[in-house]
Each structure stands twice: as C-alpha cells, then as structure tokens.
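Remarks on the structure that follows.
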Amino acid sequence: MTVGKLGRWKTRLALFAMVAGPGIITANVDNDAGGIATYSVAGAKYGYRLLWVLPPTCFLLVLVQEMCSRMGVVTGKGLSGLIRERFGLKASFYLMLALVVTNIGNAIADFAGVAASAEIFGISRYFVVPVGAFLLWRLVLKGTYRSVERIFFAACFLYLTYIVSGFLAKPDWGEVARASFIPSMDFDAASLSMVVGIVGTTIAPWMQFYQQASVVEKGIPLKHYRYARLDTILGAVVVTIVCTFIVICCAATIHGTGGEIATGADAARALQPIAGDYAMILFALGLISASFFGATILPISTATSVCEAMGWETGVDKRVTEAPHYFFIYTVIMALGATVALLTPEGKLITIMLVSQVINGVLLPVVVFFMLRITGDREIMGEHVNGRLFSALAWVGAGVVAAMSLGMVALTIIGA
C-alpha cells in the first residue's frame, strides 16, 4: 500500500471513529434483558434449529435503522418531530403515549434483569438496583452527550462475553453452520411464537427514535453520511453475531440436557454444571451489563421522543433548567422502572412485560409506516428519498415486520 493510500485510509478511519456511535450503540442496547431471555430460550428449547432466522432479521434491521440515520442526517430533526410536522400533533401524541407505556415496561424488565443477574454473584437486589439507578441517573444528569456516548461505547465491548461463553460451551460447529442457512422448524404455535419473538425483540420501536435522535444530537454532516450508514450496518452485524452466540451457548448446553429456562439469569445458572463456572460468570456479566445499558438508554429514548413530539427542548448536553421536561421524564421513567422491578413479585413482572410486548408489536408497524412515508417524501428528503429498489425492499421488509409484530401480539394474547 502506497503512502498516499495509507493516508487516505487513516483519514477515513478517523472520520468513521468521529461519526460512529448511534448505530452500534442502538443495535447493541436492543440486546437487553428481554432480548437475552428470548435468544436464551430459543437455544435452550430448539437447539440450533432457529439460527437461520437471524441473518434475514439482520437485513431487516439494517433497512429500518438506515432510514432513521438518513432522516437524521438530511433533516437535522428527530423522528417524533418529523412525524408531528408531517402527520400532525394528534397522531404524534397517541404514538408517544403508546411508546411511553411500552418503554416503561421495557425499563422495568431491564431493572429486573439487573436484580436477577446481580444475585447470581451474591449481591442483594435491594442494594444494586437503587444504587445502580442513582448512578445511571446522575451520569445522564451531569454528563454530556460525548461523555455518555463513550461510556455506552465501552459497555458494548462487554457483549463479547457471550461470544467467549459460546466457545466455552463447545458447540457442534458443523451443525451451527448448517442451521444458520438452512431453515428448519416445526409449524406449530410454539415454534412460530419463538420466530416472531426473535424478530420482534431484535427490531423494537424505541430503536428508531433513539438512533435518529442520537444522529441529530451528534451533529453528523450530510457529507459524512456514508460513515453513519456504515455505523448502522456494523451495529446490526455485531448484534446479530452476539445474538447468534447466545443461542449457540444455550443450544450446546441446556438443550442437550432437556433443561428449561425462562430468563437470561436462568440460562446463566444452567450453564454452570454443564460448561463450567467461567461460562456462567461471563454469561451473567453480559446480562447485568446489558440490563444496566438498556435501563439507561430506554428512559433517554423516551424523554427525547416525547420532547421532540411536543416541541420541548431535549438532549443530554442541555442543563436541567434548559430542558426541564426532558430531565423530568427521564427521571420519572428511571425511578418507576427501578421501583416496580424491585417491589413487584416475579409473576406480576411477567404480566407487565407481556403487556409491553403487545404494545411494542402494535406500535412497530405504525412507526415503520410513518418512516417509509417520510423517507419517500421528496419535499422532506430532497434527493435522498428512498430509491426504487430500496423502496421496494423496504416496503416488503415493512410488511414482514408488520406481520411478525402483529403475529407476536396475537400469540402473546393467546398465550396469556
């Protein structure tokens, strides 16, 4: 490689490092307590058989999140703000109401994940949840977007623990390769519910609002959009790899023994007698990190979305006096999530999670529909509207996401 080419690559790498963050962080945070539970159960119950679901899910995730990133760079506005401008305050209000309810349920699930994973290490939930919630609250209250993003970026590396756990489980790599590309499943309600759950937990409504808001707050210029798109693609690929290893880990160990689990914490405990202490510890570390991660970003995403929709000041970089509504909403959801997770019996926690999952499933197709309408509007996007091929793929993808999401709603209601 010549000196000139090396210099250009260094420049490109520096530009990518400057732009990267929203896509990688958003995708990884979606691997929260609920997501880890879903992938763990998939591996424990079905072995390697559902690995083929993850590659097309990754493609759908890229399609959806790329539109968010592009809207943010082109318009300099968040998704909820664009929905209010394009479709009116009433549509925006009801959308935000549904988003708040489902995000509170998700925040509760994340704090429940913190409590369960901490107790694996012998730490009382009555200590770790309130102390953790306070430290996270203070981080956002006193930090800047740049400092908070760096911490979130660092937390992404803790997901590597799942990859290490997967190798420690000593899977059948030939079977892993085959199952990753050759569809195989029983066409019954339980299997379909699991497939729908995998897709539904990988692409969640809060992700679109958070990633676009992050792109806007970071101030990524249009001339550097290709790096933002790469950030989105890389985030989707990385999270798919992590999800794959969670399934592999539980398939190689728990499935073979006929064990049953319901949560990520159950999976961590079940690994100990089969794959050893290190596998259990690494899996549990990944769970507590992911739960804290999600418990921080979901309240941020909710506060940002609501404030954009209502035309209020928003952003981590703002002071409390500059964005009082933003920090009030963030504080309430953080406090509510921690308190409910700490005081609610496990049986009722599951009901809360099921309700939030139903609302999630109804909300996602609506959000994607709004996104497709906006990214296809030349008055808003100019020359950066969806191309014909992208538009066709996006609408087909939206149809699949809608069918999966609504299927998840139906199956959740039937199961409940």
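Letters A, B, ... go to the chains of the structure tokens in the order shown; residues in each chain start at 1; ligands are counted from 1 in the same order.
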
Would you pick out the contacts of Ile24 in chain A at 10 Å or less, using only C-alpha atoms, so that residues sharing its chain but fewer than 4 positions from it are not included, and give the list as a list in words? Ala20, Asn28, Val29, Phe152, Phe153, Cys156, Gln211, Ala228, Leu230, Asp231, Thr232, Ile233, Leu234, Gly235, Ala236, Val237, Val238 and Val239 of chain A

Selection: 12 Å around Ser69 in chain A, only C-alpha atoms, excl. self and same-chain fewer than 2 positions, as number ranges by chain: A: 19-24, 26, 62-67, 71-79, 207-222, 224-233, 371, 375, 384

Might you pull out every residue within 9 Å of Thr201 in chain A, with only C-alpha atoms counted and same-chain residues fewer than 3 positions away left off, and present them as a PyMOL selection string? chain A and resi 30-31+34-35+38+196-198+204+357

Going by DSSP on the backbone, which residues of range 174-395 of chain A come out as alpha helix (DSSP H)? List them as a ChimeraX atom specification. /A:174-181,189-202,205-218,225-250,256-257,264-275,277-310,324-343,346-375,378-381,388-395

Considering only C-alpha atoms, return as a list in words whatever protein or nucleic-acid residues lie within 6 Å of range 309-326 of chain A, sequence-local ones (same chain, fewer than 5 positions apart) excluded.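 So the residues in contact are Ser80, Gly81, Arg84, Thr144, Tyr145, Ala303 and Thr304 of chain A.
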
Written selection (C-alpha atoms) as a compact mmCIF listing (two decimals), in the first residue's frame:
# COMPACT_ATOMS: atom_id res chain seq x y z
CA SER A 80 -41.02 12.13 16.52
CA GLY A 81 -40.55 15.77 15.46
CA ARG A 84 -45.54 15.71 14.23
CA THR A 144 -22.51 15.47 28.14
CA TYR A 145 -23.56 13.59 25.03
CA ALA A 303 -37.68 11.50 27.09
CA THR A 304 -36.13 12.50 23.76

When you look at Val195 in chain A with a cut-off of 7 Å (counting only C-alpha atoms), what residues show up, excluding the ones that are within fewer than 4 positions of it in the same chain? I need them as a list in words.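 Using only C-alpha atoms, the neighbours found are Val53, Ser191 and Val199 of chain A.
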
Name the residues in contact with range 122-138 of chain A at a cut-off of 7 Å, using only C-alpha atoms, excluding same-chain residues fewer than 6 positions from it; report them as a list in words.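 Final neighbour list, sorted by chain and number: Phe111, Val114, Ala115, Thr296, Thr331, Met334 and Ala338 of chain A.
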
Same residues, C-alpha atoms, saved as a CSV table (one decimal), in the first residue's frame:
chain,number,residue,atom,x,y,z
A,111,PHE,CA,-34.0,-3.4,36.1
A,114,VAL,CA,-30.1,-6.2,36.9
A,115,ALA,CA,-31.6,-7.6,40.1
A,296,THR,CA,-30.3,3.9,30.9
A,331,THR,CA,-36.1,10.8,36.0
A,334,MET,CA,-35.8,5.6,35.6
A,338,ALA,CA,-36.3,0.6,39.3
